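Undergrad: Data file upload05.txt (compact mmCIF, C-alpha atoms) is appended below.
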```
# COMPACT_ATOMS: atom_id res chain seq x y z
CA MET A 777 -17.83 36.83 -25.70
CA THR A 778 -16.48 37.21 -22.18
CA ASP A 779 -18.63 34.32 -20.94
CA VAL A 780 -17.40 32.10 -23.77
CA MET A 781 -13.76 32.90 -22.99
CA HIS A 782 -14.35 32.22 -19.31
CA GLU A 783 -15.87 28.82 -20.10
CA LYS A 784 -12.97 27.95 -22.39
CA SER A 785 -10.44 29.04 -19.77
CA SER A 786 -12.18 26.94 -17.08
CA ALA A 787 -12.29 23.92 -19.36
CA THR A 788 -8.57 24.08 -20.12
CA ARG A 789 -7.35 25.02 -16.62
CA ARG A 790 -4.88 22.55 -15.20
CA PRO A 791 -6.02 21.03 -11.92
CA THR A 792 -3.98 21.92 -8.86
CA VAL A 793 -2.24 19.01 -7.15
CA SER A 794 -1.55 18.35 -3.47
CA VAL A 795 0.73 15.49 -2.46
CA VAL A 796 0.03 14.14 1.04
CA MET A 797 2.56 12.11 3.02
CA PRO A 798 2.05 10.51 6.46
CA VAL A 799 5.49 10.44 8.06
CA LEU A 800 6.96 8.58 11.03
CA ASP A 801 10.62 7.69 11.67
CA GLU A 802 11.66 8.52 8.10
CA GLU A 803 14.88 10.43 8.79
CA ARG A 804 16.84 8.37 6.25
CA HIS A 805 14.40 8.62 3.35
CA LEU A 806 12.23 11.71 3.79
CA ALA A 807 14.41 14.31 2.08
CA ALA A 808 14.87 12.16 -1.02
CA ALA A 809 11.16 11.28 -1.13
CA VAL A 810 10.11 14.94 -0.93
CA ARG A 811 12.68 15.97 -3.54
CA ARG A 812 11.21 13.38 -5.89
CA VAL A 813 7.84 15.09 -5.48
CA LEU A 814 9.12 18.65 -5.83
CA ASP A 815 11.08 17.70 -8.97
CA GLN A 816 7.99 16.39 -10.79
CA ASP A 817 7.57 17.53 -14.38
CA TRP A 818 3.98 18.59 -13.64
CA PRO A 819 3.56 22.08 -15.16
CA GLY A 820 0.74 23.19 -12.89
CA ALA A 821 0.53 24.17 -9.22
CA LEU A 822 1.80 21.53 -6.80
CA ASP A 823 2.30 21.47 -3.04
CA VAL A 824 3.29 18.87 -0.45
CA VAL A 825 1.74 18.34 2.99
CA LEU A 826 3.69 16.25 5.49
CA ALA A 827 1.70 14.83 8.42
CA LEU A 828 4.30 14.34 11.16
CA GLY A 829 3.79 11.55 13.66
CA PRO A 830 5.73 11.34 16.95
CA SER A 831 9.03 10.15 15.45
CA ARG A 832 11.92 8.95 17.56
CA ASP A 833 14.60 10.06 15.09
CA ARG A 834 15.38 13.38 13.32
CA THR A 835 12.36 13.18 10.99
CA ASP A 836 10.83 16.41 12.34
CA ALA A 837 14.11 18.29 11.90
CA VAL A 838 14.45 17.08 8.32
CA ALA A 839 10.84 18.06 7.61
CA THR A 840 11.38 21.52 9.12
CA GLU A 841 14.43 22.05 6.90
CA LEU A 842 12.45 20.99 3.83
CA ALA A 843 9.62 23.40 4.64
CA ALA A 844 12.07 26.24 5.26
CA SER A 845 13.82 25.69 1.93
CA ASP A 846 10.70 25.37 -0.25
CA GLY A 847 7.44 27.20 0.31
CA ARG A 848 5.49 24.41 -1.35
CA VAL A 849 6.06 22.17 1.69
CA THR A 850 3.57 22.41 4.57
CA LEU A 851 3.79 20.59 7.92
CA VAL A 852 0.88 19.37 10.03
CA ARG A 853 0.87 17.34 13.23
CA ASN A 854 -0.38 13.78 13.53
CA PRO A 855 -0.22 13.11 17.31
CA SER A 856 -1.51 9.53 17.08
CA GLY A 857 1.12 8.51 14.54
CA ARG A 858 -1.52 6.45 12.72
CA THR A 859 -1.65 6.50 8.95
CA PRO A 860 -5.38 7.21 8.44
CA ASP A 861 -5.22 10.08 10.94
CA GLY A 862 -2.16 11.49 9.22
CA LEU A 863 -3.68 11.22 5.77
CA ASN A 864 -6.91 12.90 6.86
CA ALA A 865 -4.97 15.71 8.55
CA ALA A 866 -2.83 16.26 5.47
CA ILE A 867 -5.84 16.21 3.14
CA ALA A 868 -7.64 18.74 5.35
CA ALA A 869 -4.60 21.05 5.18
CA SER A 870 -4.28 20.73 1.40
CA SER A 871 -6.23 22.47 -1.35
CA GLY A 872 -5.42 20.66 -4.59
CA ASP A 873 -8.12 19.50 -6.97
CA VAL A 874 -6.17 16.23 -7.13
CA VAL A 875 -4.77 14.60 -3.98
CA VAL A 876 -1.85 12.25 -4.54
CA ARG A 877 -0.81 9.90 -1.76
CA VAL A 878 2.93 9.26 -1.44
CA ASP A 879 4.85 7.61 1.41
CA GLY A 880 7.84 8.96 3.26
CA HIS A 881 10.17 6.41 1.68
CA SER A 882 8.56 6.14 -1.75
CA GLU A 883 10.56 6.56 -4.92
CA ILE A 884 8.25 8.00 -7.56
CA PRO A 885 9.41 8.76 -11.11
CA MET A 886 9.58 12.35 -12.33
CA ASP A 887 6.44 12.02 -14.47
CA TYR A 888 4.32 10.28 -11.83
CA VAL A 889 1.98 13.21 -11.11
CA SER A 890 1.53 14.23 -14.75
CA ARG A 891 0.73 10.65 -15.76
CA ALA A 892 -1.70 10.25 -12.85
CA VAL A 893 -3.58 13.46 -13.67
CA ALA A 894 -3.71 12.55 -17.37
CA GLU A 895 -5.17 9.14 -16.47
CA LEU A 896 -7.79 10.70 -14.17
CA GLU A 897 -8.87 13.02 -16.96
CA ALA A 898 -8.85 10.31 -19.65
CA THR A 899 -10.79 7.70 -17.66
CA GLY A 900 -13.06 9.82 -15.48
CA ALA A 901 -12.02 7.65 -12.52
CA ASP A 902 -12.07 8.89 -8.93
CA ASN A 903 -8.77 7.23 -8.02
CA VAL A 904 -5.89 6.13 -10.22
CA GLY A 905 -2.92 4.04 -9.14
CA GLY A 906 -0.27 1.79 -10.56
CA THR A 907 2.22 -0.89 -9.70
CA MET A 908 3.84 -1.45 -6.32
CA ASP A 909 7.20 -2.31 -7.86
CA ALA A 910 8.90 -4.46 -5.23
CA ARG A 911 12.69 -4.42 -5.62
CA GLY A 912 15.15 -6.01 -3.23
CA VAL A 913 18.88 -5.63 -2.71
CA THR A 914 19.91 -8.67 -0.66
CA SER A 915 19.16 -12.26 -1.72
CA PHE A 916 16.33 -12.47 0.81
CA GLU A 917 14.81 -9.13 -0.23
CA ARG A 918 14.96 -10.19 -3.87
CA ALA A 919 13.11 -13.40 -3.03
CA VAL A 920 10.45 -11.41 -1.15
CA ALA A 921 10.14 -9.02 -4.09
CA ALA A 922 9.66 -11.93 -6.49
CA ALA A 923 6.96 -13.39 -4.23
CA MET A 924 5.19 -10.03 -3.97
CA ARG A 925 5.06 -9.78 -7.75
CA SER A 926 3.60 -13.28 -8.09
CA PRO A 927 0.03 -14.57 -7.58
CA LEU A 928 1.62 -17.37 -5.55
CA GLY A 929 2.73 -14.88 -2.94
CA VAL A 930 0.08 -12.22 -2.41
CA GLY A 931 -2.73 -13.04 -4.78
CA ALA A 932 -3.62 -11.61 -8.15
CA SER A 933 -4.16 -7.90 -7.44
CA ARG A 934 -2.89 -5.96 -10.45
CA PHE A 935 -0.97 -3.45 -8.38
CA HIS A 936 1.23 -6.38 -7.31
CA THR A 937 1.37 -8.53 -10.42
CA GLY A 938 0.84 -5.95 -13.18
CA GLY A 939 -1.42 -6.27 -16.19
CA ALA A 940 -3.46 -4.14 -18.54
CA ALA A 941 -5.19 -0.92 -17.51
CA ALA A 942 -8.61 -1.61 -16.03
CA ALA A 943 -11.13 -0.79 -13.33
CA VAL A 944 -10.10 -2.65 -10.16
CA ASP A 945 -10.98 -3.08 -6.49
CA THR A 946 -7.98 -1.18 -5.18
CA VAL A 947 -4.62 0.30 -6.18
CA TYR A 948 -1.32 1.13 -4.52
CA LEU A 949 -1.26 4.61 -2.93
CA GLY A 950 -3.43 6.50 -5.43
CA ALA A 951 -4.19 9.86 -7.03
CA PHE A 952 -7.69 10.97 -6.04
CA ARG A 953 -10.16 13.56 -7.13
CA ARG A 954 -10.74 15.71 -4.05
CA SER A 955 -14.46 15.56 -4.78
CA ALA A 956 -14.37 11.77 -4.35
CA LEU A 957 -12.58 11.98 -1.00
CA GLU A 958 -15.10 14.55 0.21
CA ARG A 959 -17.99 12.45 -1.06
CA VAL A 960 -17.01 9.38 1.01
CA GLY A 961 -15.57 11.23 4.01
CA GLY A 962 -11.87 10.44 3.56
CA TYR A 963 -10.02 7.58 5.23
CA ASP A 964 -11.81 5.66 7.97
CA PRO A 965 -9.66 6.29 11.09
CA ARG A 966 -10.66 2.92 12.55
CA PHE A 967 -8.57 1.04 10.00
CA THR A 968 -4.94 1.09 11.07
CA ARG A 969 -4.20 -1.30 8.22
CA ALA A 970 -6.05 -1.97 4.98
CA GLN A 971 -7.32 1.61 4.98
CA ASP A 972 -6.53 1.93 1.25
CA TRP A 973 -8.68 -1.05 0.32
CA GLU A 974 -11.47 0.07 2.63
CA LEU A 975 -11.50 3.61 1.20
CA ASN A 976 -11.52 2.32 -2.36
CA HIS A 977 -14.39 0.00 -1.47
CA ARG A 978 -16.46 2.99 -0.34
CA ILE A 979 -15.53 4.96 -3.47
CA ARG A 980 -16.75 2.09 -5.64
CA ALA A 981 -19.87 1.61 -3.52
CA SER A 982 -20.70 5.30 -4.04
CA GLY A 983 -20.63 4.83 -7.81
CA GLY A 984 -17.02 5.84 -8.44
CA THR A 985 -14.30 4.04 -10.36
CA VAL A 986 -10.87 2.96 -9.12
CA TRP A 987 -8.52 2.61 -12.08
CA PHE A 988 -5.25 0.70 -12.42
CA THR A 989 -2.67 1.69 -15.01
CA PRO A 990 0.71 0.01 -15.52
CA ASP A 991 2.12 3.41 -16.54
CA LEU A 992 2.43 4.38 -12.86
CA ARG A 993 5.15 2.60 -10.92
CA VAL A 994 6.40 3.19 -7.37
CA THR A 995 9.48 1.38 -6.09
CA TYR A 996 8.86 -0.56 -2.87
CA ARG A 997 11.59 -1.97 -0.62
CA PRO A 998 10.53 -5.32 0.95
CA ARG A 999 11.28 -6.69 4.39
CA ALA A 1000 14.84 -7.85 5.02
CA THR A 1001 14.37 -10.79 7.44
CA ILE A 1002 11.98 -13.70 7.97
CA PRO A 1003 10.80 -12.42 11.41
CA SER A 1004 9.95 -8.96 10.02
CA LEU A 1005 8.24 -10.51 6.99
CA ALA A 1006 6.25 -12.83 9.26
CA ARG A 1007 5.10 -9.92 11.45
CA GLN A 1008 4.09 -7.92 8.39
CA TYR A 1009 1.97 -10.69 6.88
CA PHE A 1010 0.49 -11.77 10.22
CA GLN A 1011 -0.81 -8.23 10.65
CA TYR A 1012 -2.03 -8.20 7.04
CA GLY A 1013 -4.12 -11.26 7.85
CA GLN A 1014 -5.46 -9.78 11.08
CA TRP A 1015 -6.61 -6.57 9.41
CA ARG A 1016 -8.09 -8.37 6.43
CA ARG A 1017 -10.25 -10.18 8.99
CA VAL A 1018 -11.35 -6.76 10.29
CA VAL A 1019 -12.23 -5.59 6.78
CA VAL A 1020 -14.21 -8.75 6.10
CA GLY A 1021 -16.07 -8.22 9.36
CA ALA A 1022 -16.97 -4.66 8.39
CA HIS A 1023 -17.82 -5.49 4.75
CA ARG A 1024 -18.99 -9.11 4.80
CA ARG A 1025 -19.92 -9.24 1.13
CA THR A 1026 -16.29 -8.64 0.15
CA VAL A 1027 -15.01 -12.03 1.35
CA THR A 1028 -13.67 -14.21 -1.48
CA ALA A 1029 -12.16 -17.67 -1.84
CA ARG A 1030 -8.75 -16.02 -2.22
CA TYR A 1031 -9.00 -14.51 1.28
CA LEU A 1032 -9.90 -17.91 2.73
CA ALA A 1033 -7.18 -19.91 0.95
CA ALA A 1034 -4.35 -19.22 3.41
CA PRO A 1035 -6.45 -19.76 6.57
CA ALA A 1036 -7.80 -22.99 5.09
CA MET A 1037 -4.24 -24.12 4.32
CA VAL A 1038 -3.13 -23.42 7.89
CA VAL A 1039 -6.05 -25.34 9.37
CA GLY A 1040 -5.82 -28.24 6.93
CA THR A 1041 -2.05 -28.65 7.10
CA THR A 1042 -1.96 -28.38 10.89
CA ALA A 1043 -4.79 -30.89 11.31
CA ALA A 1044 -3.18 -33.34 8.90
CA THR A 1045 0.15 -33.06 10.71
CA VAL A 1046 -1.43 -33.74 14.10
CA LEU A 1047 -3.45 -36.63 12.68
CA GLY A 1048 -0.25 -37.97 11.16
CA LEU A 1049 1.05 -38.79 14.62
CA ALA A 1050 -1.52 -41.59 14.69
CA TRP A 1051 -2.22 -42.13 10.99
CA ARG A 1052 0.84 -41.59 8.83
CA PRO A 1053 -0.93 -41.29 5.43
CA SER A 1054 -2.29 -37.90 6.49
CA LEU A 1055 1.27 -36.56 6.48
CA ALA A 1056 0.94 -36.51 2.71
CA VAL A 1057 -0.89 -33.18 3.08
CA PRO A 1058 1.95 -31.17 4.69
CA VAL A 1059 4.49 -32.96 2.49
CA ALA A 1060 2.53 -32.00 -0.63
CA TYR A 1061 2.27 -28.39 0.55
CA GLY A 1062 6.00 -28.25 1.26
CA ALA A 1063 6.82 -29.66 -2.18
CA ALA A 1064 4.44 -27.24 -3.90
CA VAL A 1065 5.95 -24.27 -2.08
CA ALA A 1066 9.48 -25.39 -2.88
CA VAL A 1067 8.69 -25.73 -6.59
CA GLY A 1068 6.76 -22.47 -6.57
CA GLY A 1069 9.67 -20.68 -4.94
CA VAL A 1070 11.99 -21.83 -7.71
CA VAL A 1071 9.51 -20.83 -10.40
CA ILE A 1072 8.89 -17.29 -9.14
CA THR A 1073 12.63 -16.59 -8.75
CA ARG A 1074 13.72 -17.90 -12.13
CA GLY A 1075 16.52 -15.82 -13.54
CA GLU A 1076 17.73 -14.88 -10.06
CA PRO A 1077 21.05 -16.01 -8.48
CA LEU A 1078 21.06 -19.40 -6.75
CA ALA A 1079 20.93 -17.91 -3.24
CA THR A 1080 17.72 -16.08 -4.07
CA ARG A 1081 16.16 -19.13 -5.72
CA LEU A 1082 16.82 -21.24 -2.62
CA LEU A 1083 14.99 -18.66 -0.50
CA GLY A 1084 11.87 -18.53 -2.68
CA GLY A 1085 10.17 -21.46 -0.96
CA PRO A 1086 10.78 -20.30 2.63
CA VAL A 1087 9.56 -16.81 1.69
CA LEU A 1088 6.32 -18.12 0.18
CA ALA A 1089 5.71 -20.36 3.20
CA THR A 1090 6.30 -17.44 5.57
CA MET A 1091 3.81 -15.27 3.70
CA HIS A 1092 1.13 -17.99 3.52
CA TRP A 1093 1.40 -19.18 7.11
CA SER A 1094 1.69 -15.73 8.64
CA TRP A 1095 -1.23 -14.28 6.68
CA GLY A 1096 -3.40 -17.32 7.35
CA ALA A 1097 -2.56 -17.41 11.06
CA GLY A 1098 -3.21 -13.69 11.36
CA PHE A 1099 -6.62 -14.04 9.70
CA LEU A 1100 -7.53 -16.91 12.02
CA ARG A 1101 -6.22 -15.10 15.07
CA GLY A 1102 -8.12 -11.89 14.37
CA GLY A 1103 -8.48 -10.07 17.66
CA VAL A 1104 -7.65 -6.61 16.29
CA GLN A 1105 -10.06 -3.83 17.15
CA PRO A 1106 -10.67 -1.41 14.25
CA ASP A 1107 -9.45 1.58 16.24
CA GLY A 1108 -5.99 0.50 17.34
CA GLY A 1109 -2.73 2.39 17.00
CA VAL A 1110 -0.19 1.23 14.49
CA GLN A 1111 1.52 3.42 11.96
CA GLN A 1112 2.08 1.93 8.56
CA ASP A 1113 3.10 2.90 5.08
CA GLY A 1114 1.18 2.56 1.87
CA ASP A 1115 1.09 -1.20 1.73
CA GLY A 1116 0.05 -1.36 5.36
CA ASP A 1117 3.44 -2.03 6.89
CA ALA A 1118 3.51 -1.51 10.65
CA THR A 1119 6.31 0.73 11.79
CA ARG A 1120 5.55 0.97 15.47
CA ALA A 1121 2.66 0.06 17.73
CA ARG A 1122 0.96 2.81 19.71
CA ARG A 1123 -1.95 3.00 22.11
```
I'd like the structure from this file rewritten - as structure tokens, please.

TA:
Amino acid sequence: MTDVMHEKSSATRRPTVSVVMPVLDEERHLAAAVRRVLDQDWPGALDVVLALGPSRDRTDAVATELAASDGRVTLVRNPSGRTPDGLNAAIAASSGDVVVRVDGHSEIPMDYVSRAVAELEATGADNVGGTMDARGVTSFERAVAAAMRSPLGVGASRFHTGGAAAAVDTVYLGAFRRSALERVGGYDPRFTRAQDWELNHRIRASGGTVWFTPDLRVTYRPRATIPSLARQYFQYGQWRRVVVGAHRRTVTARYLAAPAMVVGTTAATVLGLAWRPSLAVPVAYGAAVAVGGVVITRGEPLATRLLGGPVLATMHWSWGAGFLRGGVQPDGGVQQDGDGDATRARR
């Protein structure tokens, strides 16, 4: 009888949850992000581990205050300031059966953890994630957000564009079974960017499932200027080249589309100096981007719709040029958030 009760108790025990957050220069957003986690409606045990990089603002002071006010908050050091190092340090300091990745400026809904755990249990997946819900404030940010939600901007990954629940290649952030992270050895510290995709690739290669559900949504704030957007997507392209180099079988036509456009459009433009008909190629691309920009921003104010084309062109050209440029060693030092955004370069 005792053995039966023990088995029943074990079967119905709620998993413990640890939320891990790599943090660097997040003075403005950290307190709100942590409060969102601590206020979750999850009825079981939950703790938060903040991996503190070498911030140049009051991030450490804010984190110390949070830890002092709530015993569920633990602080660990991340001297390199790099995201994979911070995530691995936070995971090592945590103990939850489920490890949920959240960023220092994320805005997660109150039921995020409970929905994630329910989805893990219902699907048997090793990692569950949802939609990177890009939302802008200014006209430019709104145009970037529209492009990020469209296949014309960043491809057809469900965590960008949405869709039905399904097994996928990768998801935004993620809620992991600890056993899966231990099985594949955690995040690869060589990958300053694209470490989410690379980790999910190894989980799938080991026989696990990565599951997307539209029920999980995390608000993301896009870049506010063309130069910052261009830097972001140039680095995306560079690190995708690194991933392709490490996992050659993962290359797809979608990854090669932007580099091919850059090469083809540039060559046609140069050739057009001597043979004008070739200028039809860059003209056609410009027209397509202009129309696409209007389409993806339909329903937005005029100022945002006029920016749709330039935003798409910036994404395409920067990503493609970054992929062609390559040159990044898979052990560099750049801190980034969940979508791979570089905050500050370090060596």

Undergrad: How close does each residue of segment 923-991 of chain A get to segment 1070-1094 of chain A, giving the shortest atom pair and distance in Å to one decimal for every residue with an atom at most 9 Å away, counting only C-alpha atoms, sorted by chain and residue number, as a Markdown table?

TA:
```
| residue | atom | partner | partner_atom | distance |
| --- | --- | --- | --- | --- |
| A:Ala923 | CA | A:Leu1088 | CA | 6.5 |
| A:Arg925 | CA | A:Ile1072 | CA | 8.5 |
| A:Ser926 | CA | A:Ile1072 | CA | 6.7 |
| A:Leu928 | CA | A:Leu1088 | CA | 7.4 |
| A:Gly929 | CA | A:Leu1088 | CA | 5.8 |
| A:Val930 | CA | A:Met1091 | CA | 7.8 |
```

Undergrad: Per residue of segment 904-961 of chain A within 12 Å of segment 793-814 of chain A, what are the shortest atom pair and its distance in Å to one decimal, counting all atoms listed in the file, with rows by chain and residue number, as JSON lines?

TA:
```
{"residue": "A:Leu949", "atom": "CA", "partner": "A:Met797", "partner_atom": "CA", "distance": 10.3}
{"residue": "A:Gly950", "atom": "CA", "partner": "A:Val795", "partner_atom": "CA", "distance": 10.3}
{"residue": "A:Ala951", "atom": "CA", "partner": "A:Val795", "partner_atom": "CA", "distance": 8.8}
{"residue": "A:Phe952", "atom": "CA", "partner": "A:Val793", "partner_atom": "CA", "distance": 9.8}
{"residue": "A:Arg953", "atom": "CA", "partner": "A:Val793", "partner_atom": "CA", "distance": 9.6}
{"residue": "A:Arg954", "atom": "CA", "partner": "A:Ser794", "partner_atom": "CA", "distance": 9.6}
```

Undergrad: Might you pull out every residue within 7 Å of Val944 of chain A, with only C-alpha atoms counted and same-chain residues fewer than 3 positions away left off, and present them as JSON, numbers by chain?

TA: {"A": [986, 987, 988]}

Undergrad: Do you have the atom CA of Arg1052 of chain A-atom CA of Met1037 of chain A distance handy?

TA: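 Atom CA of Met1037 of chain A lies at a distance of 18.7 Å from atom CA of Arg1052 of chain A.
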
Undergrad: Taking into account only C-alpha atoms, which residue in the set A:Leu842, A:Val849, A:Ile979, A:Ala1022 is nearest to Ala869 of chain A?

TA: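 Smallest distance to Ala869 of chain A is found for A:Val849.
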
Undergrad: When you count all atoms listed in the file, which of these residues is closest to Val947 of chain A: A:Pro855, A:Gly1021, A:Pro990, A:Pro927?

TA: A:Pro990

Undergrad: When you count only C-alpha atoms, which of these residues is closest to Thr1001 of chain A: A:Arg959, A:Arg966, A:His977, A:Arg918?

TA: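 Closest candidate: A:Arg918.
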
Undergrad: Can you tell me how far atom CA of Phe935 of chain A sits from atom CA of Asp909 of chain A, in Å to one decimal?

TA: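 Value for the atom CA of Phe935 of chain A-atom CA of Asp909 of chain A distance: 8.3 Å.
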
Undergrad: Please measure the separation of atom CA of Arg832 of chain A and atom CA of Phe967 of chain A, giving the value in Å to one decimal.

TA: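 Those two atoms sit 23.2 Å apart.
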